[in-house]
Structures are given as C-alpha cells and as structure tokens.
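Asker: Just model_13.cif, nothing more (mmCIF, C-alpha atoms):
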```cif
data_model
#
loop_
_atom_site.label_atom_id
_atom_site.label_comp_id
_atom_site.auth_asym_id
_atom_site.auth_seq_id
_atom_site.Cartn_x
_atom_site.Cartn_y
_atom_site.Cartn_z
CA ASN A 1 92.81 118.35 104.26
CA PRO A 2 93.22 119.76 106.82
CA PRO A 3 95.68 117.16 108.25
CA GLN A 4 94.45 114.51 110.68
CA LYS A 5 97.03 112.79 112.85
CA VAL A 6 97.33 108.98 112.88
CA ARG A 7 100.30 106.72 113.60
CA GLY A 8 101.45 104.27 110.95
CA LEU A 9 103.02 100.83 111.05
CA PHE A 10 105.27 100.67 107.98
CA ASP A 11 104.97 97.11 106.72
CA THR A 12 107.35 95.67 104.11
CA GLY A 13 105.29 92.47 104.20
CA SER A 14 102.22 94.05 102.59
CA THR A 15 101.51 96.65 99.91
CA ASN A 16 98.15 98.35 100.46
CA THR A 17 97.69 101.13 102.98
CA TRP A 18 94.83 100.88 105.48
CA ILE A 19 93.72 103.62 107.88
CA LEU A 20 91.30 103.13 110.77
CA ASN A 21 88.03 105.00 110.31
CA LYS A 22 86.63 107.08 113.15
CA ASN A 23 83.35 105.13 113.18
CA THR A 24 84.84 101.62 113.17
CA PRO A 25 83.84 99.83 116.40
CA LEU A 26 86.72 98.48 118.50
CA LYS A 27 86.31 96.06 121.38
CA ASN A 28 88.56 94.21 123.81
CA LYS A 29 88.31 90.46 124.31
CA ASP A 30 85.94 91.04 127.22
CA GLY A 31 83.61 93.09 125.01
CA SER A 32 84.47 96.46 126.49
CA VAL A 33 84.71 99.35 124.02
CA ILE A 34 88.12 100.73 123.04
CA GLU A 35 88.33 104.49 122.62
CA LYS A 36 90.93 105.62 120.07
CA GLU A 37 92.36 109.12 120.38
CA MET A 38 93.39 109.14 116.70
CA SER A 39 91.60 107.87 113.57
CA TYR A 40 90.47 109.02 110.11
CA ASP A 41 87.32 111.10 109.73
CA GLU A 42 86.48 111.44 106.04
CA SER A 43 83.75 114.00 106.74
CA ALA A 44 86.44 116.39 108.01
CA SER A 45 88.48 116.25 104.78
CA SER A 46 87.87 118.48 101.77
CA THR A 47 89.97 116.22 99.49
CA TYR A 48 88.33 112.85 100.37
CA LYS A 49 86.81 110.82 97.55
CA LYS A 50 85.18 107.43 97.96
CA THR A 51 85.48 104.66 95.37
CA ASP A 52 83.33 101.58 94.78
CA GLN A 53 86.33 99.28 95.24
CA ARG A 54 86.48 97.27 98.43
CA ALA A 55 88.68 94.52 99.84
CA ALA A 56 89.13 92.24 102.83
CA ILE A 57 92.62 91.36 104.07
CA GLN A 58 93.86 88.72 106.50
CA PHE A 59 97.01 89.52 108.48
CA GLY A 60 98.84 87.36 110.99
CA SER A 61 97.41 89.48 113.80
CA GLY A 62 93.84 89.74 112.56
CA ALA A 63 91.66 90.85 109.65
CA LEU A 64 90.14 94.01 108.23
CA MET A 65 87.90 95.19 105.41
CA GLY A 66 86.66 98.41 103.87
CA HIS A 67 86.33 100.61 100.80
CA PHE A 68 89.21 102.29 99.04
CA VAL A 69 89.24 106.06 99.03
CA THR A 70 91.59 108.75 97.75
CA ASP A 71 92.86 111.60 99.88
CA ASP A 72 96.06 113.50 100.54
CA LEU A 73 98.53 111.69 102.78
CA ARG A 74 101.32 113.35 104.73
CA LEU A 75 104.25 111.61 106.38
CA GLY A 76 106.15 113.39 109.11
CA SER A 77 105.05 116.01 111.61
CA CYS A 78 101.36 116.88 111.60
CA ASP A 79 100.62 119.88 113.79
CA GLY A 80 98.35 121.55 111.26
CA SER A 81 100.42 124.71 110.99
CA LYS A 82 103.94 123.85 109.90
CA SER A 83 105.97 121.02 108.43
CA SER A 84 109.31 119.54 109.44
CA GLY A 85 110.57 117.33 106.63
CA GLN A 86 106.99 116.40 105.76
CA ILE A 87 106.22 114.40 102.61
CA HIS A 88 102.90 115.38 101.02
CA ILE A 89 101.40 112.72 98.71
CA LYS A 90 98.41 113.95 96.73
CA ASN A 91 95.39 111.73 95.93
CA GLN A 92 96.79 108.59 97.56
CA LYS A 93 94.46 105.59 97.26
CA PHE A 94 94.12 103.67 100.53
CA GLY A 95 91.75 101.41 102.38
CA ASN A 96 89.29 103.09 104.76
CA VAL A 97 88.94 100.46 107.51
CA GLU A 98 85.23 99.92 108.20
CA LYS A 99 85.47 96.55 109.96
CA GLN A 100 88.42 94.94 111.71
CA LYS A 101 89.27 92.07 114.03
CA THR A 102 91.98 92.45 116.71
CA ILE A 103 94.43 94.50 114.60
CA PHE A 104 93.82 97.94 116.11
CA ARG A 105 93.25 96.92 119.73
CA GLY A 106 96.65 98.24 120.78
CA ASN A 107 97.57 101.84 121.46
CA ASN A 108 100.54 102.25 119.12
CA PHE A 109 99.17 102.63 115.55
CA GLU A 110 96.01 103.44 113.58
CA ALA A 111 97.30 102.78 110.07
CA ILE A 112 99.17 100.04 108.20
CA ILE A 113 101.37 101.52 105.48
CA GLY A 114 102.23 98.80 102.94
CA MET A 115 105.80 99.18 101.67
CA ALA A 116 106.10 96.09 99.44
CA TYR A 117 106.03 95.96 95.64
CA PRO A 118 103.07 97.00 93.40
CA GLU A 119 102.59 93.40 92.20
CA LEU A 120 101.16 92.60 95.64
CA ALA A 121 98.67 95.50 95.62
CA GLU A 122 94.95 95.40 94.98
CA ALA A 123 94.00 96.21 91.38
CA GLY A 124 94.31 99.90 90.60
CA VAL A 125 96.12 100.73 93.85
CA THR A 126 99.54 102.39 93.71
CA PRO A 127 101.52 101.82 96.93
CA VAL A 128 102.60 104.79 99.03
CA PHE A 129 106.30 104.53 98.19
CA ASP A 130 105.57 104.22 94.46
CA GLU A 131 103.39 107.33 94.68
CA MET A 132 106.28 109.16 96.31
CA MET A 133 108.49 108.18 93.38
CA ASN A 134 105.83 108.97 90.75
CA GLN A 135 105.24 112.41 92.26
CA LYS A 136 109.01 113.00 92.53
CA LEU A 137 108.88 113.72 96.26
CA LEU A 138 112.20 112.11 97.22
CA LYS A 139 115.82 113.15 96.88
CA SER A 140 116.66 109.50 96.14
CA ASN A 141 114.24 106.59 95.67
CA VAL A 142 115.17 104.71 98.84
CA PHE A 143 113.78 104.20 102.32
CA ALA A 144 115.60 102.87 105.35
CA PHE A 145 114.89 101.51 108.83
CA TYR A 146 117.15 101.95 111.84
CA PHE A 147 116.36 99.60 114.72
CA THR A 148 117.59 99.95 118.28
CA ASN A 149 117.75 97.23 120.91
CA LYS A 150 116.66 97.51 124.54
CA ASN A 151 120.09 98.62 125.75
CA GLN A 152 120.24 101.39 123.16
CA GLU A 153 116.71 102.51 124.01
CA ALA A 154 117.67 102.67 127.70
CA ALA A 155 120.50 104.98 126.68
CA GLY A 156 118.05 107.32 124.95
CA MET A 157 118.45 106.14 121.34
CA LYS A 158 115.37 105.62 119.18
CA SER A 159 114.49 103.57 116.11
CA ASP A 160 113.55 105.57 113.05
CA MET A 161 112.64 105.41 109.38
CA THR A 162 113.89 107.70 106.64
CA PHE A 163 112.62 108.40 103.13
CA GLY A 164 114.85 109.56 100.30
CA TYR A 165 118.11 108.81 102.10
CA TYR A 166 119.75 106.66 104.76
CA ASP A 167 121.44 108.24 107.77
CA LYS A 168 125.20 107.64 107.51
CA GLN A 169 125.62 108.76 111.12
CA LYS A 170 123.83 105.59 112.27
CA PHE A 171 126.49 103.08 111.19
CA LYS A 172 130.19 102.56 110.55
CA GLY A 173 131.78 101.00 107.48
CA ASP A 174 130.11 100.26 104.15
CA ILE A 175 126.62 99.03 103.32
CA THR A 176 126.35 95.67 101.58
CA TRP A 177 123.68 95.68 98.89
CA HIS A 178 121.76 92.58 97.77
CA ASN A 179 119.57 92.03 94.73
CA VAL A 180 115.84 91.66 95.39
CA ASP A 181 114.93 88.44 93.56
CA TYR A 182 111.30 88.23 94.70
CA LYS A 183 109.62 91.55 93.97
CA TYR A 184 106.36 91.03 95.80
CA MET A 185 107.92 91.45 99.20
CA PHE A 186 111.66 91.98 99.58
CA GLY A 187 112.90 88.46 98.87
CA VAL A 188 116.67 87.95 98.58
CA LYS A 189 118.75 84.81 98.11
CA LEU A 190 119.49 82.87 101.31
CA ASP A 191 122.50 80.53 101.31
CA ASP A 192 122.18 78.92 104.73
CA VAL A 193 121.29 79.35 108.40
CA LYS A 194 123.83 78.76 111.16
CA VAL A 195 123.13 78.35 114.87
CA GLY A 196 125.99 78.43 117.35
CA GLY A 197 128.38 78.58 114.41
CA LYS A 198 127.09 75.29 112.97
CA SER A 199 125.56 75.13 109.49
CA LEU A 200 122.04 73.72 109.35
CA ASP A 201 122.53 72.88 105.67
CA MET A 202 119.24 74.70 105.21
CA CYS A 203 119.39 75.36 101.47
CA SER A 204 121.33 72.38 100.16
CA GLY A 205 119.82 71.45 96.78
CA LYS A 206 117.24 74.23 97.07
CA SER A 207 116.84 77.79 95.88
CA CYS A 208 116.09 79.65 99.12
CA LEU A 209 114.74 83.13 99.62
CA ILE A 210 114.47 85.21 102.77
CA THR A 211 111.94 88.04 103.06
CA PHE A 212 112.37 91.02 105.39
CA ASP A 213 109.01 91.80 106.99
CA SER A 214 108.90 94.93 109.16
CA GLY A 215 105.27 94.22 110.07
CA THR A 216 106.06 91.36 112.44
CA SER A 217 108.53 90.65 115.23
CA LEU A 218 108.47 86.88 114.65
CA MET A 219 110.57 84.70 112.34
CA SER A 220 108.88 81.94 110.37
CA PHE A 221 110.17 79.03 108.30
CA PRO A 222 108.49 76.72 105.81
CA THR A 223 107.81 73.21 107.12
CA TRP A 224 111.02 71.77 105.70
CA GLY A 225 113.02 74.64 107.22
CA ALA A 226 111.46 74.12 110.65
CA GLN A 227 112.29 70.43 110.30
CA LYS A 228 115.97 71.32 109.91
CA LEU A 229 115.81 73.14 113.25
CA ILE A 230 114.14 70.16 114.90
CA GLU A 231 116.69 67.72 113.43
CA ASN A 232 119.43 69.81 115.01
CA LYS A 233 117.68 69.72 118.40
CA LEU A 234 116.80 73.42 118.27
CA PRO A 235 113.57 74.77 119.72
CA THR A 236 110.73 76.29 117.71
CA ALA A 237 107.34 77.62 118.75
CA ASN A 238 105.95 74.09 118.32
CA ASN A 239 108.99 72.07 119.40
CA ILE A 240 110.07 72.16 123.04
CA VAL A 241 113.71 71.23 123.74
CA PRO A 242 115.05 70.60 127.28
CA CYS A 243 117.81 73.06 128.21
CA GLN A 244 119.57 74.72 131.12
CA SER A 245 119.13 78.14 129.52
CA HIS A 246 118.12 79.48 126.13
CA SER A 247 121.60 81.01 125.85
CA GLN A 248 123.16 77.55 125.41
CA PHE A 249 121.88 77.42 121.80
CA GLY A 250 124.03 80.36 120.74
CA ASP A 251 123.58 83.03 118.12
CA MET A 252 121.92 82.60 114.73
CA ALA A 253 123.51 83.69 111.46
CA LEU A 254 121.55 84.21 108.26
CA VAL A 255 123.93 83.68 105.35
CA ILE A 256 122.97 85.93 102.45
CA ASN A 257 125.11 85.90 99.30
CA GLY A 258 128.04 84.59 101.33
CA LYS A 259 127.77 87.16 104.13
CA ASP A 260 126.79 86.24 107.70
CA TYR A 261 124.16 88.45 109.36
CA ASN A 262 124.21 87.62 113.05
CA LEU A 263 121.30 87.63 115.46
CA SER A 264 122.19 87.35 119.12
CA ASN A 265 120.60 84.60 121.15
CA GLU A 266 118.20 87.12 122.72
CA GLU A 267 117.18 88.39 119.29
CA TRP A 268 116.11 85.07 117.78
CA MET A 269 114.83 83.19 120.86
CA PHE A 270 112.28 83.68 123.57
CA PRO A 271 113.65 83.27 127.12
CA SER A 272 113.61 79.69 128.45
CA GLN A 273 110.73 78.69 130.72
CA GLU A 274 110.32 76.14 133.47
CA LEU A 275 107.77 73.41 132.72
#
```
In structure tokens, what does this structure look like?
Answerer:
Amino acid sequence: NPPQKVRGLFDTGSTNTWILNKNTPLKNKDGSVIEKEMSYDESASSTYKKTDQRAAIQFGSGALMGHFVTDDLRLGSCDGSKSSGQIHIKNQKFGNVEKQKTIFRGNNFEAIIGMAYPELAEAGVTPVFDEMMNQKLLKSNVFAFYFTNKNQEAAGMKSDMTFGYYDKQKFKGDITWHNVDYKYMFGVKLDDVKVGGKSLDMCSGKSCLITFDSGTSLMSFPTWGAQKLIENKLPTANNIVPCQSHSQFGDMALVINGKDYNLSNEEWMFPSQEL
C-alpha cells in the first residue's frame, strides 16, 4: 500500500506467485540493459514484510530466485483512487524476484501468478486463489479463462480471465465438467488423441492424464506419447515430416472422458517451412 501496478501472467502450471523487484537487473542477449516501466518497490509499501524464506525456480522459459515477502495484493484495476471489480488480498505471501534469467525480458508481464494446487507450493506459502477462498473474497470459488483466436482479436474481441464466476455470454450450450484427478496442476483423465479423425491409440493399456497449463503456448508429450506421433508419420518439434502443407495433417482432437475437444490444424501445428 499504496497500490503499485504490475501485469501478471496467470499460470495454472505453477503455484507460487513471483513479482519482479524494481532493483533486479534485466539484460538483453546482447548485454544491453532493459528498462521496465512497471515493477515492485518494497520501500514504497507500508504493508511489506520480508521473510527469511527463499527459493529458486526453473521454468521452461528461464529461471528466477528471491526471498518471500508478504504484502497486500490487488487484482483488477489499479489507478490508486478507485476500484472496478478489484479483489483485495491481504498479507499475500509471494516471491520477490531478486535474480532472474530470461523470464522478464519481454514487455507483457512483470509477475507470474501461480494458479495450481497448494501441494505444489513452497512450504508455508498459500497460493493466491486459495487466499481468495480463505478470505472469502469470491462469489463462487471458481476462476475461468476465455481465449480468443486471431480472427476474433481482429474483430475487436479480447481474451479475459474472471474470478468468482464464468461469463455465460461468452459461450452457447452447456459446460462439460471433468474431475481433476491430479491435484498438483489440473490433471484430468485423457482417453486418446486423434489427428485427422484417426485414433493414435495413445492411452491403450495406460492411465493417461492431460494437464492444462496456461503458462505456455506449447503442447508437450512424454517420450512414449511423442513416439505415437512419429509412428503415425506426424511431425513434432524434433521430427521433421515431408509435406505439401501443414494443413494436410488435419485437426487434432483430445478425447477427455469420451468427449472430443478439437484443435484446428493452425492451433496445434506451426506453419510448414521449406528446407
């Protein structure tokens, strides 16, 4: 307090929250210094408290480390004078990023907000969403993502995230609910994967789980799953397949509890390239 504005990446693939500190050095690959317009300055907060606990975390896009602190955390508008649907979490414990490698080079976020289950958190750390529930800040204990594609964005639509409800204006029909069987991240039972309407027999004789990770735009498979793709002459990041166009491989369907969830060809593949 008073509020300091930072932008958060809400990550269902991790649990702890990390916020970039004002004094953390940032450099490009060429060594030039990166100036961040937004970051966390603990000296400007009257509610900041440092702890002795520290941690180092490795992400797919880099690494970071720092001490855990407690401070008030607000989600929503942050103009310092008024609130529009703002959620005010008191004494949230989060990581104060003191060192980092590559994660905050971009210009689109200064915080990673872990949304996964408490079992994945550092000892003594209550995740942001669990604090919301504990402090009874939500109308209903749910959160929801709405993702737009490029065509929708060109038409002026935007992706968003809601806490305490899901926006029924954003879809037609009913929602299908699935049990979360792996409560570290959001792991649910996967029956199979289909490409171009053909079953890959991905989970025959196995108990498969699929995890929904909002912190990455890439899909990953275990080695045996990637092998199924290769056996069916489908490309992966490490397996080049000759083709006329990437569109010839068709759409991908993730079969979850008997229901097909379809990804268009453009959604699961990179465009083909000439070699």
Asker: Any chance you could work out the residue set of the PyMOL selection byres ((chain A and resi 260) around 12) here, as a list in words?
Answerer: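 Matching residues under the PyMOL selection byres ((chain A and resi 260) around 12) are Thr176, Leu190, Asp191, Asp192, Val193, Lys194, Val195, Gly197, Ser199, Asp251, Met252, Ala253, Leu254, Val255, Ile256, Asn257, Gly258, Lys259, Tyr261, Asn262 and Leu263 of chain A.
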Asker: Determine the residue set returned by the PyMOL selection byres ((chain A and resi 160) around 8) for the present structure, and present it as a JSON list (two decimals) with C-alpha atoms, in the coordinates of the input.
Answerer:
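Output (expr25.json):
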```json
[["chain", "number", "residue", "atom", "x", "y", "z"],
["A", 145, "PHE", "CA", 114.89, 101.51, 108.83],
["A", 146, "TYR", "CA", 117.15, 101.95, 111.84],
["A", 147, "PHE", "CA", 116.36, 99.60, 114.72],
["A", 158, "LYS", "CA", 115.37, 105.62, 119.18],
["A", 159, "SER", "CA", 114.49, 103.57, 116.11],
["A", 161, "MET", "CA", 112.64, 105.41, 109.38],
["A", 162, "THR", "CA", 113.89, 107.70, 106.64]]
```
Asker: Between A:Asn239, A:Gln227, A:Asn265, A:Asn96, which has the minimum distance to Tyr40 of chain A (counting all atoms listed in the file)?
Answerer: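 Smallest separation from Tyr40 of chain A among the options: A:Asn96.
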Asker: For Met219 of chain A, which residue among A:Pro242, A:Gly66, A:Met269, A:Asp72 is the nearest when counting only C-alpha atoms?
Answerer: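 Looking only at the distances to Met219 of chain A, the closest residue turns out to be A:Met269.
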Asker: If we count all atoms listed in the file and set the cut-off at 10 Å, which residues sit around Arg105 of chain A, ignoring sequence neighbours fewer than 4 positions away in its own chain? Please answer as JSON, numbers by chain.
Answerer: {"A": [26, 27, 28, 29, 33, 34, 35, 36, 100, 101, 109, 110]}
